[in-house]
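S.K.: Here's a structure for you.
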Amino acid sequence: MILFPAIDLKDGHCVRLEQGEMDRATVFGADPAAQAAAFAAAGFEWLHVVDLNGAFAGRSENGGAVEAILAAVDIPVQLGGGIRDHAGIDAWLEKGIRRVILGTVAVRDPGLVRDAARRHPGRVAVGIDARGGRVAVSGWAEATDIPAVDLARRFEDAGVAAIVYTDIDRDGVLMGLNLEATLRLAEAVSIPVIASGGLAGIADIERLVSPSYRRLAGTIAGRALYDGRLDPAAALALIARAREAA
């Protein structure tokens with residue numbers, strides 16, 4: 001299980017939104033590269049970066065901040081938000097992003113996602129963001145009638161590296177992960193699934209490393225890290241012990 005610290009970018013700053021609302025953003029820092037370096041120094045194995053402006057605009061909007069993050073750390077970075085064509089995918093992978101996360105385009109052009117996964121094995125993930133189990137797109141601003149599990153199944157044989165499943169209703173509000181819904185999705189496909197949205201503290205990590213949820217490949221922590229509710233050393237030590245015992 002991998003714990004991904006999140007760096008959400010809005011206007012070049014590190015922020016956290018509440019339930020995906022851009023006007024409910026809390027700024028946690030003006031130097032995303034420094035924040036990335038701090039996460040790497042704390043022992044995290046990956047970074048999870050989202051271009052929030054890009055998610056709404058449909059194109060990368062915080063490219064400078066992302067490039068600064070890449071220059072600041074040696075650990076792998078996965079990036080989502082506004083990546084919706086082959087040009088964007090290719091450009092970010094060439095710049096050093098280890099894995100791109102495709103969300104809106106997974107709904108609107110699944111063929112592009114399949115093609116990208118074939119062209120870049122292990123470097124394309126699908127982001128599935130849901131309210132009440134139904135997929136939302138375009139920076140979570142547009143609801144669909146597609147069940148999250150149905151969307152995941154569309155990519156079962158596509159060769160995508162992972163699915164990042166976010167419960168929008170819990171995102172940024174420290175309600176705890178929706179592990180039951182995430183596990184149902186993980187059990188419906190063979191693709192590794194990463195839980196996102198609402199991680200509140202060490203209790204969520206304890207549940208994730210328990211036998212009931214070991215099927216999940218990882219989780220993303222945002223506000224709990226920035227607020228100090230989740231101690232990185234304690235969380236990473238717990239995960240390390242679980243790996244040794246597995």
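Identifiers for the structure tokens are assigned positionally: chains receive A, B, ... in sequence, residues are indexed from 1 per chain, and ligands are indexed from 1 in the order shown.
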Compile the contact shell of stretch 100-103 of chain A as JSON, numbers by chain: residues with an atom at most 10 Å away, counting only C-alpha atoms, same-chain residues fewer than 5 positions apart removed.

M.R.: {"A": [48, 49, 50, 55, 77, 78, 79, 80, 81, 82, 83, 84, 85, 88, 89, 90, 92, 93, 108, 110, 112, 113, 116, 120, 122, 123, 124, 125, 126, 127, 128, 129, 135, 136, 137, 138, 139, 140, 160, 161, 162, 163, 164]}

S.K.: Find the residues near stretch 183-189 of chain A: any atom within 7 Å, counting only C-alpha atoms, skip ones fewer than 6 places away on the same chain, and give them as an MDAnalysis selection string.

M.R.: chainID A and resid 149 153 156 213 216

S.K.: Taking N, CA and C atoms for each residue, export the selection above as a PDB file, in the first residue's frame.

M.R.:
ATOM      1  N   VAL A 149     -18.515   2.144 -10.965  1.00  0.00           N
ATOM      2  CA  VAL A 149     -18.073   0.773 -11.236  1.00  0.00           C
ATOM      3  C   VAL A 149     -18.175   0.455 -12.724  1.00  0.00           C
ATOM      4  N   ARG A 153     -15.046  -0.694 -15.220  1.00  0.00           N
ATOM      5  CA  ARG A 153     -15.065  -1.942 -15.994  1.00  0.00           C
ATOM      6  C   ARG A 153     -14.748  -1.711 -17.470  1.00  0.00           C
ATOM      7  N   GLU A 156     -11.083  -2.465 -18.054  1.00  0.00           N
ATOM      8  CA  GLU A 156     -10.567  -3.694 -17.469  1.00  0.00           C
ATOM      9  C   GLU A 156      -9.443  -4.309 -18.305  1.00  0.00           C
ATOM     10  N   TYR A 213      -8.954  -4.635   3.757  1.00  0.00           N
ATOM     11  CA  TYR A 213      -8.767  -3.649   2.687  1.00  0.00           C
ATOM     12  C   TYR A 213      -7.419  -3.776   1.977  1.00  0.00           C
ATOM     13  N   LEU A 216      -6.707  -2.857  -1.776  1.00  0.00           N
ATOM     14  CA  LEU A 216      -6.487  -1.504  -2.272  1.00  0.00           C
ATOM     15  C   LEU A 216      -4.995  -1.219  -2.394  1.00  0.00           C
TER      16      LEU A 216
END

S.K.: Give me the residues near A:Gly111 as a list in words, where near means some atom within 12 Å (using only C-alpha atoms) and where sequence neighbours in that chain fewer than 4 positions away do not count.

M.R.: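 Counting only C-alpha atoms, the residues come to Arg84, Asp85, His86, Leu102, Val105, Ala106, Val107, Asp115, Ala116, Ala117, Arg118, Arg154, Phe155 and Ala158 of chain A.
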
S.K.: Would you put the residues from that selection into a file with N, CA and C atoms, as an mmCIF file, in the first residue's frame?

M.R.:
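Writing done, so here's result_26.cif:
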data_model
loop_
_atom_site.group_PDB
_atom_site.id
_atom_site.type_symbol
_atom_site.label_atom_id
_atom_site.label_comp_id
_atom_site.auth_asym_id
_atom_site.auth_seq_id
_atom_site.Cartn_x
_atom_site.Cartn_y
_atom_site.Cartn_z
ATOM 1 N N ARG A 84 -6.037 16.013 -21.623
ATOM 2 C CA ARG A 84 -7.171 15.454 -22.365
ATOM 3 C C ARG A 84 -6.854 15.105 -23.813
ATOM 4 N N ASP A 85 -5.573 15.083 -24.182
ATOM 5 C CA ASP A 85 -5.234 14.675 -25.546
ATOM 6 C C ASP A 85 -3.844 14.049 -25.550
ATOM 7 N N HIS A 86 -3.492 13.438 -26.681
ATOM 8 C CA HIS A 86 -2.200 12.761 -26.763
ATOM 9 C C HIS A 86 -1.047 13.732 -26.607
ATOM 10 N N LEU A 102 -5.964 10.357 -16.176
ATOM 11 C CA LEU A 102 -6.959 10.834 -17.133
ATOM 12 C C LEU A 102 -8.346 10.626 -16.553
ATOM 13 N N VAL A 105 -11.513 12.794 -19.874
ATOM 14 C CA VAL A 105 -11.372 12.146 -21.185
ATOM 15 C C VAL A 105 -11.700 10.656 -21.108
ATOM 16 N N ALA A 106 -11.618 10.062 -19.920
ATOM 17 C CA ALA A 106 -11.981 8.650 -19.776
ATOM 18 C C ALA A 106 -13.468 8.440 -20.033
ATOM 19 N N VAL A 107 -14.256 9.473 -19.766
ATOM 20 C CA VAL A 107 -15.695 9.420 -20.043
ATOM 21 C C VAL A 107 -15.973 9.812 -21.485
ATOM 22 N N ASP A 115 -5.652 3.885 -26.086
ATOM 23 C CA ASP A 115 -4.503 4.054 -26.960
ATOM 24 C C ASP A 115 -3.292 4.560 -26.175
ATOM 25 N N ALA A 116 -3.519 5.508 -25.285
ATOM 26 C CA ALA A 116 -2.426 6.045 -24.474
ATOM 27 C C ALA A 116 -1.822 4.966 -23.576
ATOM 28 N N ALA A 117 -2.689 4.121 -23.008
ATOM 29 C CA ALA A 117 -2.193 3.045 -22.143
ATOM 30 C C ALA A 117 -1.354 2.048 -22.925
ATOM 31 N N ARG A 118 -1.743 1.792 -24.164
ATOM 32 C CA ARG A 118 -0.943 0.887 -24.999
ATOM 33 C C ARG A 118 0.393 1.514 -25.367
ATOM 34 N N ARG A 154 -15.006 -0.524 -17.974
ATOM 35 C CA ARG A 154 -14.715 -0.225 -19.376
ATOM 36 C C ARG A 154 -13.217 -0.320 -19.680
ATOM 37 N N PHE A 155 -12.396 -0.193 -18.640
ATOM 38 C CA PHE A 155 -10.948 -0.188 -18.844
ATOM 39 C C PHE A 155 -10.284 -1.456 -18.310
ATOM 40 N N ALA A 158 -7.688 -2.631 -20.725
ATOM 41 C CA ALA A 158 -7.014 -1.547 -21.446
ATOM 42 C C ALA A 158 -5.541 -1.405 -21.086
#

S.K.: Report as a ChimeraX atom specification: the residues of stretch 2-246 of chain A with a DSSP assignment of strand (DSSP E), based on the backbone of this structure.

M.R.: /A:2-10,13-18,21-29,47-51,77-80,99-102,124-131,134-137,142-147,162-167,193-196,218-221

S.K.: Write out as a PyMOL selection string the residues lying within 12 Å of stretch 25-41 of chain A, counting only C-alpha atoms and excluding same-chain residues fewer than 6 positions away.

M.R.: chain A and resi 3-19+47-53+62-77+171-173+221-228+231-233+236

S.K.: List the spatial neighbours of A:Ala181 as a list in words - criterion: any atom at most 12 Å away, only C-alpha atoms, same-chain residues fewer than 6 positions off excluded.

M.R.: Ala130, Arg131, Gly132, Gly133, Arg134, Pro147, Ala148, Val149, Tyr165, Thr166, Asp167, Glu187, Ala188, Val193, Ile194, Ala195, Ser196, Gly197, Tyr213 and Leu216 of chain A

S.K.: Please dump the current selection as a CSV table (one decimal), in the first residue's frame; keep N, CA and C atoms.

M.R.:
chain,number,residue,atom,x,y,z
A,130,ALA,N,-16.5,10.6,-8.1
A,130,ALA,CA,-17.9,10.3,-8.0
A,130,ALA,C,-18.6,11.0,-6.9
A,131,ARG,N,-19.9,11.4,-7.1
A,131,ARG,CA,-20.8,11.8,-6.1
A,131,ARG,C,-21.9,10.8,-6.0
A,132,GLY,N,-22.2,10.3,-4.9
A,132,GLY,CA,-23.2,9.3,-4.7
A,132,GLY,C,-23.1,8.1,-5.7
A,133,GLY,N,-21.8,7.7,-6.0
A,133,GLY,CA,-21.5,6.6,-6.8
A,133,GLY,C,-21.6,6.9,-8.3
A,134,ARG,N,-22.0,8.2,-8.7
A,134,ARG,CA,-22.1,8.5,-10.1
A,134,ARG,C,-20.9,9.4,-10.5
A,147,PRO,N,-22.5,5.0,-13.5
A,147,PRO,CA,-22.0,4.5,-12.2
A,147,PRO,C,-20.5,4.3,-12.2
A,148,ALA,N,-19.8,4.6,-11.1
A,148,ALA,CA,-18.4,4.6,-11.1
A,148,ALA,C,-17.8,3.2,-11.4
A,149,VAL,N,-18.5,2.1,-11.0
A,149,VAL,CA,-18.1,0.8,-11.2
A,149,VAL,C,-18.2,0.5,-12.7
A,165,TYR,N,-9.8,6.5,-7.3
A,165,TYR,CA,-11.2,6.7,-7.0
A,165,TYR,C,-11.4,7.7,-5.9
A,166,THR,N,-12.1,8.8,-6.3
A,166,THR,CA,-12.3,9.9,-5.3
A,166,THR,C,-13.8,10.0,-5.0
A,167,ASP,N,-14.1,10.0,-3.7
A,167,ASP,CA,-15.5,10.3,-3.3
A,167,ASP,C,-15.5,11.8,-3.0
A,187,GLU,N,-13.1,-4.6,-6.2
A,187,GLU,CA,-13.4,-6.0,-6.3
A,187,GLU,C,-14.1,-6.3,-7.7
A,188,ALA,N,-14.5,-5.2,-8.4
A,188,ALA,CA,-15.2,-5.4,-9.7
A,188,ALA,C,-14.2,-5.4,-10.8
A,193,VAL,N,-6.5,-0.2,-7.4
A,193,VAL,CA,-7.3,1.0,-7.1
A,193,VAL,C,-6.7,1.8,-5.9
A,194,ILE,N,-6.7,3.1,-6.1
A,194,ILE,CA,-6.2,4.0,-5.1
A,194,ILE,C,-7.3,4.8,-4.5
A,195,ALA,N,-7.5,4.8,-3.2
A,195,ALA,CA,-8.6,5.5,-2.5
A,195,ALA,C,-8.3,6.9,-2.3
A,196,SER,N,-9.2,7.8,-2.5
A,196,SER,CA,-9.0,9.2,-2.4
A,196,SER,C,-10.3,9.9,-1.9
A,197,GLY,N,-10.1,11.0,-1.1
A,197,GLY,CA,-11.3,11.8,-0.7
A,197,GLY,C,-11.6,11.5,0.8
A,213,TYR,N,-9.0,-4.6,3.8
A,213,TYR,CA,-8.8,-3.6,2.7
A,213,TYR,C,-7.4,-3.8,2.0
A,216,LEU,N,-6.7,-2.9,-1.8
A,216,LEU,CA,-6.5,-1.5,-2.3
A,216,LEU,C,-5.0,-1.2,-2.4

S.K.: Rounded to one decimal in Å, what is the spacing between atom CA of A:Ile205 and atom CA of A:Leu151?

M.R.: 26.5 Å

S.K.: List every residue of stretch 3-239 of chain A that DSSP, applied to the backbone of this structure, assigns to alpha helix (DSSP H), and report them as a PDB file with C-alpha atoms, in the first residue's frame.

M.R.:
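Result file out.pdb:
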ATOM      1  CA  PRO A  32       4.688  23.902  -4.375  1.00  0.00           C
ATOM      2  CA  ALA A  33       8.284  22.830  -5.105  1.00  0.00           C
ATOM      3  CA  ALA A  34       9.280  23.368  -1.473  1.00  0.00           C
ATOM      4  CA  GLN A  35       6.235  21.407  -0.343  1.00  0.00           C
ATOM      5  CA  ALA A  36       7.167  18.573  -2.703  1.00  0.00           C
ATOM      6  CA  ALA A  37      10.722  18.527  -1.356  1.00  0.00           C
ATOM      7  CA  ALA A  38       9.379  18.407   2.206  1.00  0.00           C
ATOM      8  CA  PHE A  39       7.194  15.418   1.371  1.00  0.00           C
ATOM      9  CA  ALA A  40      10.146  13.637  -0.246  1.00  0.00           C
ATOM     10  CA  ALA A  41      12.336  14.355   2.781  1.00  0.00           C
ATOM     11  CA  LEU A  52      -7.099  22.260 -10.414  1.00  0.00           C
ATOM     12  CA  ASN A  53      -7.258  25.189 -12.826  1.00  0.00           C
ATOM     13  CA  GLY A  54      -6.452  22.765 -15.611  1.00  0.00           C
ATOM     14  CA  ALA A  55      -9.247  20.421 -14.590  1.00  0.00           C
ATOM     15  CA  PHE A  56     -11.777  23.210 -15.141  1.00  0.00           C
ATOM     16  CA  ALA A  57     -10.106  24.744 -18.199  1.00  0.00           C
ATOM     17  CA  GLY A  63       2.707  23.932 -15.831  1.00  0.00           C
ATOM     18  CA  GLY A  64       5.401  26.088 -14.274  1.00  0.00           C
ATOM     19  CA  ALA A  65       4.583  24.838 -10.783  1.00  0.00           C
ATOM     20  CA  VAL A  66       4.542  21.217 -11.950  1.00  0.00           C
ATOM     21  CA  GLU A  67       7.919  21.606 -13.657  1.00  0.00           C
ATOM     22  CA  ALA A  68       9.329  23.153 -10.475  1.00  0.00           C
ATOM     23  CA  ILE A  69       8.089  20.151  -8.499  1.00  0.00           C
ATOM     24  CA  LEU A  70       9.755  17.775 -10.937  1.00  0.00           C
ATOM     25  CA  ALA A  71      13.017  19.679 -10.564  1.00  0.00           C
ATOM     26  CA  ALA A  72      12.801  19.575  -6.758  1.00  0.00           C
ATOM     27  CA  HIS A  86      -2.200  12.761 -26.763  1.00  0.00           C
ATOM     28  CA  ALA A  87      -0.138  15.927 -27.022  1.00  0.00           C
ATOM     29  CA  GLY A  88      -0.643  16.695 -23.337  1.00  0.00           C
ATOM     30  CA  ILE A  89       0.013  13.114 -22.290  1.00  0.00           C
ATOM     31  CA  ASP A  90       3.196  12.862 -24.333  1.00  0.00           C
ATOM     32  CA  ALA A  91       4.476  16.241 -23.207  1.00  0.00           C
ATOM     33  CA  TRP A  92       4.146  15.520 -19.496  1.00  0.00           C
ATOM     34  CA  LEU A  93       5.615  12.046 -19.718  1.00  0.00           C
ATOM     35  CA  GLU A  94       8.569  13.445 -21.650  1.00  0.00           C
ATOM     36  CA  LYS A  95       9.079  16.100 -18.969  1.00  0.00           C
ATOM     37  CA  THR A 104     -12.790  13.645 -17.987  1.00  0.00           C
ATOM     38  CA  VAL A 105     -11.372  12.146 -21.185  1.00  0.00           C
ATOM     39  CA  ALA A 106     -11.981   8.650 -19.776  1.00  0.00           C
ATOM     40  CA  VAL A 107     -15.695   9.420 -20.043  1.00  0.00           C
ATOM     41  CA  ARG A 108     -15.674  11.446 -23.254  1.00  0.00           C
ATOM     42  CA  PRO A 110     -12.247   6.167 -23.745  1.00  0.00           C
ATOM     43  CA  GLY A 111     -10.523   5.150 -26.966  1.00  0.00           C
ATOM     44  CA  LEU A 112      -7.879   7.811 -26.378  1.00  0.00           C
ATOM     45  CA  VAL A 113      -7.231   6.403 -22.901  1.00  0.00           C
ATOM     46  CA  ARG A 114      -6.875   2.882 -24.270  1.00  0.00           C
ATOM     47  CA  ASP A 115      -4.503   4.054 -26.960  1.00  0.00           C
ATOM     48  CA  ALA A 116      -2.426   6.045 -24.474  1.00  0.00           C
ATOM     49  CA  ALA A 117      -2.193   3.045 -22.143  1.00  0.00           C
ATOM     50  CA  ARG A 118      -0.943   0.887 -24.999  1.00  0.00           C
ATOM     51  CA  ARG A 119       1.602   3.508 -26.064  1.00  0.00           C
ATOM     52  CA  ALA A 148     -18.354   4.557 -11.097  1.00  0.00           C
ATOM     53  CA  VAL A 149     -18.073   0.773 -11.236  1.00  0.00           C
ATOM     54  CA  ASP A 150     -19.363   0.697 -14.819  1.00  0.00           C
ATOM     55  CA  LEU A 151     -16.726   3.220 -15.890  1.00  0.00           C
ATOM     56  CA  ALA A 152     -13.985   1.215 -14.197  1.00  0.00           C
ATOM     57  CA  ARG A 153     -15.065  -1.942 -15.994  1.00  0.00           C
ATOM     58  CA  LEU A 179     -13.490   2.490   1.948  1.00  0.00           C
ATOM     59  CA  GLU A 180     -16.597   0.401   1.466  1.00  0.00           C
ATOM     60  CA  ALA A 181     -17.419   1.992  -1.917  1.00  0.00           C
ATOM     61  CA  THR A 182     -13.765   1.952  -2.926  1.00  0.00           C
ATOM     62  CA  LEU A 183     -13.454  -1.719  -2.087  1.00  0.00           C
ATOM     63  CA  ARG A 184     -16.579  -2.565  -4.098  1.00  0.00           C
ATOM     64  CA  LEU A 185     -14.997  -0.905  -7.103  1.00  0.00           C
ATOM     65  CA  ALA A 186     -11.680  -2.681  -6.511  1.00  0.00           C
ATOM     66  CA  GLU A 187     -13.447  -6.034  -6.325  1.00  0.00           C
ATOM     67  CA  ALA A 188     -15.179  -5.363  -9.661  1.00  0.00           C
ATOM     68  CA  ILE A 202      -4.156   7.539  11.338  1.00  0.00           C
ATOM     69  CA  ALA A 203      -7.379   5.559  11.836  1.00  0.00           C
ATOM     70  CA  ASP A 204      -7.878   5.552   8.066  1.00  0.00           C
ATOM     71  CA  ILE A 205      -4.370   4.135   7.586  1.00  0.00           C
ATOM     72  CA  GLU A 206      -5.030   1.473  10.214  1.00  0.00           C
ATOM     73  CA  ARG A 207      -8.133   0.374   8.331  1.00  0.00           C
ATOM     74  CA  LEU A 208      -6.335   0.369   4.996  1.00  0.00           C
ATOM     75  CA  ARG A 223      -5.794  18.213   4.161  1.00  0.00           C
ATOM     76  CA  ALA A 224      -4.992  15.806   7.012  1.00  0.00           C
ATOM     77  CA  LEU A 225      -1.277  16.205   6.260  1.00  0.00           C
ATOM     78  CA  TYR A 226      -1.447  19.977   5.914  1.00  0.00           C
ATOM     79  CA  ASP A 227      -3.549  20.359   9.086  1.00  0.00           C
ATOM     80  CA  PRO A 232       3.791  11.315   8.207  1.00  0.00           C
ATOM     81  CA  ALA A 233       6.293   9.326  10.266  1.00  0.00           C
ATOM     82  CA  ALA A 234       3.586   7.408  12.130  1.00  0.00           C
ATOM     83  CA  ALA A 235       1.625   6.692   8.940  1.00  0.00           C
ATOM     84  CA  LEU A 236       4.661   5.519   6.969  1.00  0.00           C
ATOM     85  CA  ALA A 237       5.861   3.375   9.871  1.00  0.00           C
ATOM     86  CA  LEU A 238       2.470   1.706  10.096  1.00  0.00           C
ATOM     87  CA  ILE A 239       2.521   0.942   6.369  1.00  0.00           C
TER      88      ILE A 239
END

S.K.: Between atom CA of A:Arg215 and atom CA of A:Ala246, what distance in Å does the model show, to one decimal?

M.R.: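 Going from atom CA of A:Arg215 over to atom CA of A:Ala246, I get 12.1 Å.
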